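Novice: Structure file coords_11.pdb (PDB, C-alpha atoms and all ligand atoms) is given on the next line.
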```pdb
ATOM      1  CA  MET D   1     -34.222 215.863 118.346
ATOM      2  CA  SER D   2     -33.792 219.336 117.038
ATOM      3  CA  ALA D   3     -36.861 220.835 115.477
ATOM      4  CA  ARG D   4     -34.642 222.339 112.853
ATOM      5  CA  ARG D   5     -34.111 220.479 109.671
ATOM      6  CA  ARG D   6     -30.627 219.272 109.009
ATOM      7  CA  THR D   7     -29.525 219.393 105.428
ATOM      8  CA  LEU D   8     -26.795 217.267 103.914
ATOM      9  CA  LEU D   9     -25.001 218.964 101.060
ATOM     10  CA  LYS D  10     -22.733 217.041  98.744
ATOM     11  CA  VAL D  11     -19.809 218.971  97.354
ATOM     12  CA  ILE D  12     -17.298 217.577  94.863
ATOM     13  CA  VAL D  13     -13.807 219.024  94.528
ATOM     14  CA  LEU D  14     -12.026 218.578  91.189
ATOM     15  CA  GLY D  15      -8.788 219.796  89.661
ATOM     16  CA  ASP D  16      -5.315 218.755  88.557
ATOM     17  CA  SER D  17      -2.999 216.819  90.801
ATOM     18  CA  GLY D  18      -1.021 218.984  93.206
ATOM     19  CA  VAL D  19      -3.160 222.129  93.008
ATOM     20  CA  GLY D  20      -4.036 221.780  96.697
ATOM     21  CA  LYS D  21      -7.507 220.218  96.856
ATOM     22  CA  THR D  22      -6.692 218.063  99.878
ATOM     23  CA  SER D  23      -4.795 220.904 101.547
ATOM     24  CA  LEU D  24      -7.725 223.314 101.175
ATOM     25  CA  MET D  25     -10.069 220.797 102.779
ATOM     26  CA  ASN D  26      -7.646 220.069 105.606
ATOM     27  CA  GLN D  27      -7.233 223.750 106.280
ATOM     28  CA  TYR D  28     -10.978 224.310 106.244
ATOM     29  CA  VAL D  29     -12.020 221.327 108.342
ATOM     30  CA  HIS D  30      -9.000 220.660 110.582
ATOM     31  CA  LYS D  31      -7.146 224.007 110.489
ATOM     32  CA  LYS D  32      -4.025 222.112 109.504
ATOM     33  CA  PHE D  33      -1.529 222.390 106.676
ATOM     34  CA  SER D  34       1.219 220.013 105.657
ATOM     35  CA  GLN D  35       4.032 220.859 103.271
ATOM     36  CA  GLN D  36       4.296 217.202 102.353
ATOM     37  CA  TYR D  37       2.539 215.952  99.249
ATOM     38  CA  LYS D  38       0.549 212.762  99.507
ATOM     39  CA  ALA D  39      -1.498 211.970  96.421
ATOM     40  CA  THR D  40      -5.170 211.301  96.973
ATOM     41  CA  ILE D  41      -6.221 207.881  95.725
ATOM     42  CA  GLY D  42      -9.780 207.467  94.489
ATOM     43  CA  ALA D  43     -11.941 209.767  96.588
ATOM     44  CA  ASP D  44     -12.646 210.456 100.218
ATOM     45  CA  PHE D  45     -14.896 212.835 102.099
ATOM     46  CA  VAL D  46     -14.838 214.985 105.182
ATOM     47  CA  THR D  47     -17.810 216.648 106.798
ATOM     48  CA  LYS D  48     -18.257 220.027 108.359
ATOM     49  CA  GLU D  49     -21.314 221.367 110.102
ATOM     50  CA  LEU D  50     -22.220 224.953 109.734
ATOM     51  CA  GLN D  51     -25.092 227.267 110.310
ATOM     52  CA  ILE D  52     -26.453 229.298 107.454
ATOM     53  CA  ASP D  53     -29.138 231.714 108.576
ATOM     54  CA  ASP D  54     -31.505 229.488 110.566
ATOM     55  CA  LYS D  55     -30.451 226.278 108.877
ATOM     56  CA  LEU D  56     -28.018 223.722 110.195
ATOM     57  CA  VAL D  57     -26.211 222.165 107.283
ATOM     58  CA  THR D  58     -23.701 219.364 106.981
ATOM     59  CA  LEU D  59     -21.243 219.876 104.183
ATOM     60  CA  GLN D  60     -20.030 216.568 102.829
ATOM     61  CA  ILE D  61     -16.924 217.528 100.899
ATOM     62  CA  TRP D  62     -15.595 214.950  98.455
ATOM     63  CA  ASP D  63     -11.916 215.176  97.707
ATOM     64  CA  THR D  64     -10.852 213.476  94.494
ATOM     65  CA  ALA D  65      -7.606 212.336  92.875
ATOM     66  CA  GLY D  66      -6.089 214.673  90.326
ATOM     67  CA  GLN D  67      -3.751 211.975  89.075
ATOM     68  CA  GLU D  68      -5.382 210.060  86.284
ATOM     69  CA  ARG D  69      -4.096 206.684  87.400
ATOM     70  CA  PHE D  70      -5.818 207.160  90.758
ATOM     71  CA  GLN D  71      -9.161 208.169  89.324
ATOM     72  CA  SER D  72     -11.715 205.452  89.590
ATOM     73  CA  LEU D  73     -14.932 207.332  90.022
ATOM     74  CA  GLY D  74     -18.075 206.049  88.437
ATOM     75  CA  VAL D  75     -21.222 207.930  87.574
ATOM     76  CA  ALA D  76     -22.709 206.936  90.950
ATOM     77  CA  PHE D  77     -20.054 208.978  92.704
ATOM     78  CA  TYR D  78     -21.258 212.212  91.134
ATOM     79  CA  ARG D  79     -24.943 211.520  91.661
ATOM     80  CA  GLY D  80     -26.740 213.991  93.897
ATOM     81  CA  ALA D  81     -23.931 216.536  93.945
ATOM     82  CA  ASP D  82     -25.140 219.950  95.114
ATOM     83  CA  CYS D  83     -22.052 221.947  94.144
ATOM     84  CA  CYS D  84     -18.809 221.434  92.242
ATOM     85  CA  VAL D  85     -15.603 223.144  93.326
ATOM     86  CA  LEU D  86     -12.910 223.514  90.672
ATOM     87  CA  VAL D  87      -9.372 224.214  91.860
ATOM     88  CA  TYR D  88      -6.291 225.337  89.958
ATOM     89  CA  ASP D  89      -2.852 226.609  90.975
ATOM     90  CA  VAL D  90      -2.271 230.273  90.010
ATOM     91  CA  ASN D  91       1.404 229.392  89.441
ATOM     92  CA  VAL D  92       0.773 226.547  86.980
ATOM     93  CA  MET D  93      -0.739 227.379  83.599
ATOM     94  CA  LYS D  94      -1.621 223.801  82.759
ATOM     95  CA  SER D  95      -3.802 223.510  85.842
ATOM     96  CA  PHE D  96      -5.799 226.483  84.546
ATOM     97  CA  ASP D  97      -5.949 225.191  80.976
ATOM     98  CA  THR D  98      -7.457 221.885  82.097
ATOM     99  CA  LEU D  99     -10.347 223.569  83.937
ATOM    100  CA  ASP D 100     -12.499 223.174  80.828
ATOM    101  CA  ASN D 101     -11.945 219.427  80.951
ATOM    102  CA  TRP D 102     -12.844 219.180  84.641
ATOM    103  CA  HIS D 103     -15.932 221.308  84.077
ATOM    104  CA  ASP D 104     -17.030 219.164  81.118
ATOM    105  CA  GLU D 105     -16.251 215.953  82.948
ATOM    106  CA  PHE D 106     -18.416 216.979  85.881
ATOM    107  CA  ILE D 107     -21.349 217.848  83.653
ATOM    108  CA  LYS D 108     -20.986 214.620  81.730
ATOM    109  CA  GLN D 109     -20.814 212.460  84.845
ATOM    110  CA  ALA D 110     -23.138 214.258  87.252
ATOM    111  CA  ASN D 111     -25.622 215.132  84.536
ATOM    112  CA  PRO D 112     -27.262 217.925  86.574
ATOM    113  CA  PRO D 113     -30.892 218.673  85.716
ATOM    114  CA  ASP D 114     -30.097 222.256  84.796
ATOM    115  CA  ILE D 115     -26.553 222.830  83.565
ATOM    116  CA  LYS D 116     -27.043 226.589  83.366
ATOM    117  CA  THR D 117     -27.923 227.016  87.020
ATOM    118  CA  PHE D 118     -25.839 224.247  88.591
ATOM    119  CA  PRO D 119     -23.429 225.882  91.086
ATOM    120  CA  PHE D 120     -19.745 225.706  90.287
ATOM    121  CA  ILE D 121     -17.089 227.639  92.203
ATOM    122  CA  LEU D 122     -13.535 228.298  91.101
ATOM    123  CA  LEU D 123     -10.592 228.539  93.498
ATOM    124  CA  GLY D 124      -7.202 229.868  92.391
ATOM    125  CA  ASN D 125      -4.927 228.409  95.061
ATOM    126  CA  LYS D 126      -1.316 228.947  96.274
ATOM    127  CA  ILE D 127      -1.374 232.742  96.012
ATOM    128  CA  ASP D 128       1.189 232.817  98.845
ATOM    129  CA  ILE D 129       4.035 231.367  96.753
ATOM    130  CA  ASP D 130       6.873 233.794  96.192
ATOM    131  CA  GLY D 131       4.675 236.641  97.377
ATOM    132  CA  GLY D 132       2.650 236.272  94.181
ATOM    133  CA  ASN D 133       5.674 236.834  91.944
ATOM    134  CA  SER D 134       5.570 233.404  90.362
ATOM    135  CA  ARG D 135       1.941 233.455  89.372
ATOM    136  CA  VAL D 136       1.208 232.889  85.700
ATOM    137  CA  VAL D 137      -2.579 233.187  85.682
ATOM    138  CA  SER D 138      -3.892 236.681  86.337
ATOM    139  CA  GLU D 139      -7.003 237.339  88.357
ATOM    140  CA  LYS D 140      -8.550 238.873  85.249
ATOM    141  CA  LYS D 141      -7.926 235.780  83.153
ATOM    142  CA  ALA D 142      -9.548 233.612  85.810
ATOM    143  CA  LYS D 143     -12.525 235.943  86.165
ATOM    144  CA  ASP D 144     -13.000 236.013  82.391
ATOM    145  CA  TRP D 145     -13.169 232.234  82.389
ATOM    146  CA  CYS D 146     -15.760 232.388  85.180
ATOM    147  CA  SER D 147     -17.911 234.878  83.256
ATOM    148  CA  MET D 148     -17.724 232.704  80.172
ATOM    149  CA  LYS D 149     -19.018 229.722  82.151
ATOM    150  CA  GLY D 150     -22.014 231.661  83.469
ATOM    151  CA  ASN D 151     -20.752 233.844  86.292
ATOM    152  CA  ILE D 152     -19.072 231.297  88.478
ATOM    153  CA  PRO D 153     -17.921 232.803  91.804
ATOM    154  CA  TYR D 154     -14.137 233.050  92.083
ATOM    155  CA  PHE D 155     -11.839 233.059  95.128
ATOM    156  CA  GLU D 156      -8.078 233.335  95.345
ATOM    157  CA  THR D 157      -6.849 231.193  98.205
ATOM    158  CA  SER D 158      -3.898 229.884 100.103
ATOM    159  CA  ALA D 159      -4.342 226.625 101.966
ATOM    160  CA  LYS D 160      -0.929 227.244 103.506
ATOM    161  CA  GLU D 161      -1.564 230.737 104.864
ATOM    162  CA  ASP D 162      -5.292 230.153 105.388
ATOM    163  CA  ILE D 163      -6.291 232.973 103.059
ATOM    164  CA  ASN D 164      -9.922 233.068 101.919
ATOM    165  CA  VAL D 165     -10.508 229.411 102.766
ATOM    166  CA  ASP D 166     -13.452 229.973 105.128
ATOM    167  CA  ALA D 167     -14.964 232.565 102.804
ATOM    168  CA  ALA D 168     -14.718 230.235  99.820
ATOM    169  CA  PHE D 169     -16.347 227.311 101.614
ATOM    170  CA  LEU D 170     -19.105 229.503 103.003
ATOM    171  CA  CYS D 171     -19.880 230.582  99.448
ATOM    172  CA  ILE D 172     -19.775 226.937  98.393
ATOM    173  CA  ALA D 173     -22.188 225.956 101.171
ATOM    174  CA  LYS D 174     -24.612 228.752 100.303
ATOM    175  CA  ALA D 175     -24.515 227.882  96.610
ATOM    176  CA  ALA D 176     -25.111 224.210  97.400
ATOM    177  CA  LEU D 177     -27.965 225.075  99.731
ATOM    178  CA  GLU D 178     -29.652 227.212  97.112
ATOM    179  CA  ASN D 179     -29.380 224.423  94.598
ATOM    180  CA  GLU D 180     -30.547 221.725  96.991
TER
HETATM  181  P1  LIG D 201      -3.913 215.182  94.276
HETATM  182  O1  LIG D 201      -4.399 214.497  95.515
HETATM  183  O2  LIG D 201      -2.776 214.462  93.621
HETATM  184  O3  LIG D 201      -5.000 215.453  93.294
HETATM  185  O4  LIG D 201      -3.298 216.642  94.739
HETATM  186  P2  LIG D 201      -4.050 217.782  95.581
HETATM  187  O5  LIG D 201      -4.754 218.713  94.669
HETATM  188  O6  LIG D 201      -4.863 217.175  96.661
HETATM  189  O7  LIG D 201      -2.826 218.605  96.221
HETATM  190  P3  LIG D 201      -2.342 218.631  97.746
HETATM  191  O8  LIG D 201      -3.355 219.272  98.617
HETATM  192  O9  LIG D 201      -1.891 217.290  98.133
HETATM  193  O10 LIG D 201      -1.112 219.652  97.659
HETATM  194  C1  LIG D 201      -0.004 219.430  96.816
HETATM  195  C2  LIG D 201       1.224 220.131  97.367
HETATM  196  O11 LIG D 201       1.031 221.547  97.345
HETATM  197  C3  LIG D 201       1.539 219.764  98.830
HETATM  198  O12 LIG D 201       2.932 219.685  98.978
HETATM  199  C4  LIG D 201       0.993 220.955  99.617
HETATM  200  O13 LIG D 201       1.725 221.175 100.806
HETATM  201  C5  LIG D 201       1.185 222.101  98.639
HETATM  202  N1  LIG D 201       0.169 223.171  98.785
HETATM  203  C6  LIG D 201      -1.167 223.032  98.780
HETATM  204  N2  LIG D 201      -1.789 224.201  98.919
HETATM  205  C7  LIG D 201      -0.813 225.136  99.025
HETATM  206  C8  LIG D 201      -0.816 226.564  99.192
HETATM  207  O14 LIG D 201      -1.854 227.233  99.265
HETATM  208  N3  LIG D 201       0.413 227.184  99.233
HETATM  209  C9  LIG D 201       1.578 226.484  99.138
HETATM  210  N4  LIG D 201       2.708 227.181  99.199
HETATM  211  N5  LIG D 201       1.613 225.154  98.990
HETATM  212  C10 LIG D 201       0.441 224.485  98.925
HETATM  213 MG    MG D 202      -5.334 215.288  97.117
END
```
Mind converting the file's structure to structure tokens?
Specialist:
Amino acid sequence: MSARRRTLLKVIVLGDSGVGKTSLMNQYVHKKFSQQYKATIGADFVTKELQIDDKLVTLQIWDTAGQERFQSLGVAFYRGADCCVLVYDVNVMKSFDTLDNWHDEFIKQANPPDIKTFPFILLGNKIDIDGGNSRVVSEKKAKDWCSMKGNIPYFETSAKEDINVDAAFLCIAKAALENE
């Protein structure tokens, strides 16, 4: 057995249906992207091992359903979460407007011991579409929202083009580790 301690970090990914939660995870863990949309039902997790400084950590990333009719997560699901990843689509205003709801829902369900310091991360996904010409949420607007919520780190990503995906998840892992 390794002398080093292995740490399991539980990460929960939330956001509207179709913003690319599953795609981001598939890109990160399997280096794969599919154009086809297949709604997530309930929740499922993937794991990824990574080394942070001298620590070996296992990220357990929980993908959830954005579609309301497929949501069936109880309080137990959120228990022990070390980080919450919020995802929206930079081309869809509604997916940005509902971030408050996802944020509130997480806090209500997970009930973290210290709301002020609990690590959230925001991802603005699909920046590749139309070379950025169809985006409706500016980077500034997103960053303002992050400041308002207590300086949440923000990444603009593309699951399709694999832009910023590794960087975002590394930040997520570090935030989760610090909170653990
Ligand atoms: P639910 O499971 O319903 O909550 O949706 P989701 O958030 O998991 O979305 P999903 O990853 O299934 O992606 C929805 C659609 O958007 C799929 O057709 C993906 O191929 C597409 N998609 C996801 N990410 C990107 C991206 O970065 N760029 C582009 N162009 N398309 C993307
Ligand atoms: Mg999904």
Novice: What box, with edges along x, y and z, holds each listed atom of range 69-80 of chain D when 8 Å is added on every side, and can you state its centre and edge lengths in Å to one decimal, as AutoDock Vina command-line options?
Specialist:
```
--center_x -15.4 --center_y 209.7 --center_z 90.6 --size_x 38.6 --size_y 24.5 --size_z 22.5
```
Novice: Which of these residues is nearest to Gly131 in chain D, using all atoms listed in the file: D:Val90, D:Val46, D:Ala76, D:Ala167?
Specialist: D:Val90
Novice: Counting all atoms listed in the file, which protein, DNA or RNA residues come within 10 Å of ligand LIG 201 (chain D), given as an MDAnalysis selection string?
Specialist: chainID D and resid 13:27 33:43 63:68 70:71 87:90 124:131 156:163 165
Novice: I'd like to know which of D:Val136, D:Lys116, D:Asn164, D:Asp44 is closest to ligand MG 202 (chain D), using all atoms listed in the file.
Specialist: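 The answer is D:Asp44, which sits nearest to ligand MG 202 (chain D).
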Novice: Please expand the PyMOL selection byres (((chain D and resi 149-155) around 7) and not hetatm) into the concrete residues it hits in this file, giving the result as an MDAnalysis selection string.
Specialist: chainID D and resid 120:124 143 145:148 156:157 168
Novice: Can you spit out the residues from that selection as a compact mmCIF listing (two decimals), in the frame of the given file, using C-alpha atoms?
Specialist:
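The resulting file, selection.txt, is shown below:
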```
# COMPACT_ATOMS: atom_id res chain seq x y z
CA PHE D 120 -19.74 225.71 90.29
CA ILE D 121 -17.09 227.64 92.20
CA LEU D 122 -13.54 228.30 91.10
CA LEU D 123 -10.59 228.54 93.50
CA GLY D 124 -7.20 229.87 92.39
CA LYS D 143 -12.52 235.94 86.16
CA TRP D 145 -13.17 232.23 82.39
CA CYS D 146 -15.76 232.39 85.18
CA SER D 147 -17.91 234.88 83.26
CA MET D 148 -17.72 232.70 80.17
CA GLU D 156 -8.08 233.34 95.34
CA THR D 157 -6.85 231.19 98.20
CA ALA D 168 -14.72 230.24 99.82
```
Novice: Tell me which of D:Trp62, D:Gly74, D:Gln109, D:Val11 sits closest to ligand MG 202 (chain D), counting all atoms listed in the file.
Specialist: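 Under the stated criterion, the closest residue is D:Trp62.
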Novice: Which residues are near Asp82 in chain D? Cut-off 9 Å, all atoms listed in the file, ignore same chain within fewer than 2 positions. Put them as an NGL selection string.
Specialist: :D and (9-12 or 80 or 84 or 118-119 or 175-180)
Novice: Can I get the selection written as a compact mmCIF listing (two decimals), in the coordinates of the input, with C-alpha atoms?
Specialist:
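Once written, result-v1.txt looks like this:
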```txt
# COMPACT_ATOMS: atom_id res chain seq x y z
CA LEU D 9 -25.00 218.96 101.06
CA LYS D 10 -22.73 217.04 98.74
CA VAL D 11 -19.81 218.97 97.35
CA ILE D 12 -17.30 217.58 94.86
CA GLY D 80 -26.74 213.99 93.90
CA CYS D 84 -18.81 221.43 92.24
CA PHE D 118 -25.84 224.25 88.59
CA PRO D 119 -23.43 225.88 91.09
CA ALA D 175 -24.52 227.88 96.61
CA ALA D 176 -25.11 224.21 97.40
CA LEU D 177 -27.96 225.08 99.73
CA GLU D 178 -29.65 227.21 97.11
CA ASN D 179 -29.38 224.42 94.60
CA GLU D 180 -30.55 221.72 96.99
```
Novice: Could you complete range 5-27 of chain D so that it carries N, CA and C atoms, and give it back as a PDB file, in the coordinates of the input?
Specialist:
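Okay, this is what ended up in part-v2.pdb:
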```pdb
ATOM      1  N   ARG D   5     -34.449 221.483 110.681  1.00  0.00           N
ATOM      2  CA  ARG D   5     -34.111 220.479 109.671  1.00  0.00           C
ATOM      3  C   ARG D   5     -32.621 220.528 109.399  1.00  0.00           C
ATOM      4  N   ARG D   6     -32.022 219.369 109.360  1.00  0.00           N
ATOM      5  CA  ARG D   6     -30.627 219.272 109.009  1.00  0.00           C
ATOM      6  C   ARG D   6     -30.524 218.947 107.534  1.00  0.00           C
ATOM      7  N   THR D   7     -29.653 219.626 106.856  1.00  0.00           N
ATOM      8  CA  THR D   7     -29.525 219.393 105.428  1.00  0.00           C
ATOM      9  C   THR D   7     -28.135 218.882 105.107  1.00  0.00           C
ATOM     10  N   LEU D   8     -28.086 217.813 104.354  1.00  0.00           N
ATOM     11  CA  LEU D   8     -26.795 217.267 103.914  1.00  0.00           C
ATOM     12  C   LEU D   8     -26.501 217.758 102.500  1.00  0.00           C
ATOM     13  N   LEU D   9     -25.372 218.414 102.363  1.00  0.00           N
ATOM     14  CA  LEU D   9     -25.001 218.964 101.060  1.00  0.00           C
ATOM     15  C   LEU D   9     -23.752 218.270 100.545  1.00  0.00           C
ATOM     16  N   LYS D  10     -23.856 217.774  99.334  1.00  0.00           N
ATOM     17  CA  LYS D  10     -22.733 217.041  98.744  1.00  0.00           C
ATOM     18  C   LYS D  10     -21.946 217.945  97.800  1.00  0.00           C
ATOM     19  N   VAL D  11     -20.681 218.089  98.127  1.00  0.00           N
ATOM     20  CA  VAL D  11     -19.809 218.971  97.354  1.00  0.00           C
ATOM     21  C   VAL D  11     -18.663 218.143  96.768  1.00  0.00           C
ATOM     22  N   ILE D  12     -18.379 218.339  95.504  1.00  0.00           N
ATOM     23  CA  ILE D  12     -17.298 217.577  94.863  1.00  0.00           C
ATOM     24  C   ILE D  12     -16.182 218.518  94.417  1.00  0.00           C
ATOM     25  N   VAL D  13     -14.963 218.184  94.829  1.00  0.00           N
ATOM     26  CA  VAL D  13     -13.807 219.024  94.528  1.00  0.00           C
ATOM     27  C   VAL D  13     -12.969 218.369  93.430  1.00  0.00           C
ATOM     28  N   LEU D  14     -12.771 219.104  92.340  1.00  0.00           N
ATOM     29  CA  LEU D  14     -12.026 218.578  91.189  1.00  0.00           C
ATOM     30  C   LEU D  14     -10.903 219.525  90.787  1.00  0.00           C
ATOM     31  N   GLY D  15      -9.890 218.979  90.152  1.00  0.00           N
ATOM     32  CA  GLY D  15      -8.788 219.796  89.661  1.00  0.00           C
ATOM     33  C   GLY D  15      -7.534 218.949  89.523  1.00  0.00           C
ATOM     34  N   ASP D  16      -6.550 219.492  88.824  1.00  0.00           N
ATOM     35  CA  ASP D  16      -5.315 218.755  88.557  1.00  0.00           C
ATOM     36  C   ASP D  16      -4.610 218.310  89.841  1.00  0.00           C
ATOM     37  N   SER D  17      -3.795 217.314  89.686  1.00  0.00           N
ATOM     38  CA  SER D  17      -2.999 216.819  90.801  1.00  0.00           C
ATOM     39  C   SER D  17      -2.049 217.905  91.299  1.00  0.00           C
ATOM     40  N   GLY D  18      -1.986 218.065  92.606  1.00  0.00           N
ATOM     41  CA  GLY D  18      -1.021 218.984  93.206  1.00  0.00           C
ATOM     42  C   GLY D  18      -1.490 220.426  93.350  1.00  0.00           C
ATOM     43  N   VAL D  19      -2.695 220.737  92.909  1.00  0.00           N
ATOM     44  CA  VAL D  19      -3.160 222.129  93.008  1.00  0.00           C
ATOM     45  C   VAL D  19      -3.528 222.522  94.441  1.00  0.00           C
ATOM     46  N   GLY D  20      -3.759 221.502  95.283  1.00  0.00           N
ATOM     47  CA  GLY D  20      -4.036 221.780  96.697  1.00  0.00           C
ATOM     48  C   GLY D  20      -5.457 221.477  97.149  1.00  0.00           C
ATOM     49  N   LYS D  21      -6.121 220.563  96.488  1.00  0.00           N
ATOM     50  CA  LYS D  21      -7.507 220.218  96.856  1.00  0.00           C
ATOM     51  C   LYS D  21      -7.565 219.666  98.282  1.00  0.00           C
ATOM     52  N   THR D  22      -6.706 218.680  98.549  1.00  0.00           N
ATOM     53  CA  THR D  22      -6.692 218.063  99.878  1.00  0.00           C
ATOM     54  C   THR D  22      -6.273 219.086 100.933  1.00  0.00           C
ATOM     55  N   SER D  23      -5.284 219.902 100.594  1.00  0.00           N
ATOM     56  CA  SER D  23      -4.795 220.904 101.547  1.00  0.00           C
ATOM     57  C   SER D  23      -5.869 221.926 101.901  1.00  0.00           C
ATOM     58  N   LEU D  24      -6.653 222.343 100.922  1.00  0.00           N
ATOM     59  CA  LEU D  24      -7.725 223.314 101.175  1.00  0.00           C
ATOM     60  C   LEU D  24      -8.756 222.716 102.133  1.00  0.00           C
ATOM     61  N   MET D  25      -9.097 221.451 101.903  1.00  0.00           N
ATOM     62  CA  MET D  25     -10.069 220.797 102.779  1.00  0.00           C
ATOM     63  C   MET D  25      -9.522 220.619 104.183  1.00  0.00           C
ATOM     64  N   ASN D  26      -8.252 220.240 104.280  1.00  0.00           N
ATOM     65  CA  ASN D  26      -7.646 220.069 105.606  1.00  0.00           C
ATOM     66  C   ASN D  26      -7.574 221.389 106.362  1.00  0.00           C
ATOM     67  N   GLN D  27      -7.277 222.436 105.645  1.00  0.00           N
ATOM     68  CA  GLN D  27      -7.233 223.750 106.280  1.00  0.00           C
ATOM     69  C   GLN D  27      -8.633 224.146 106.749  1.00  0.00           C
TER      70      GLN D  27
END
```
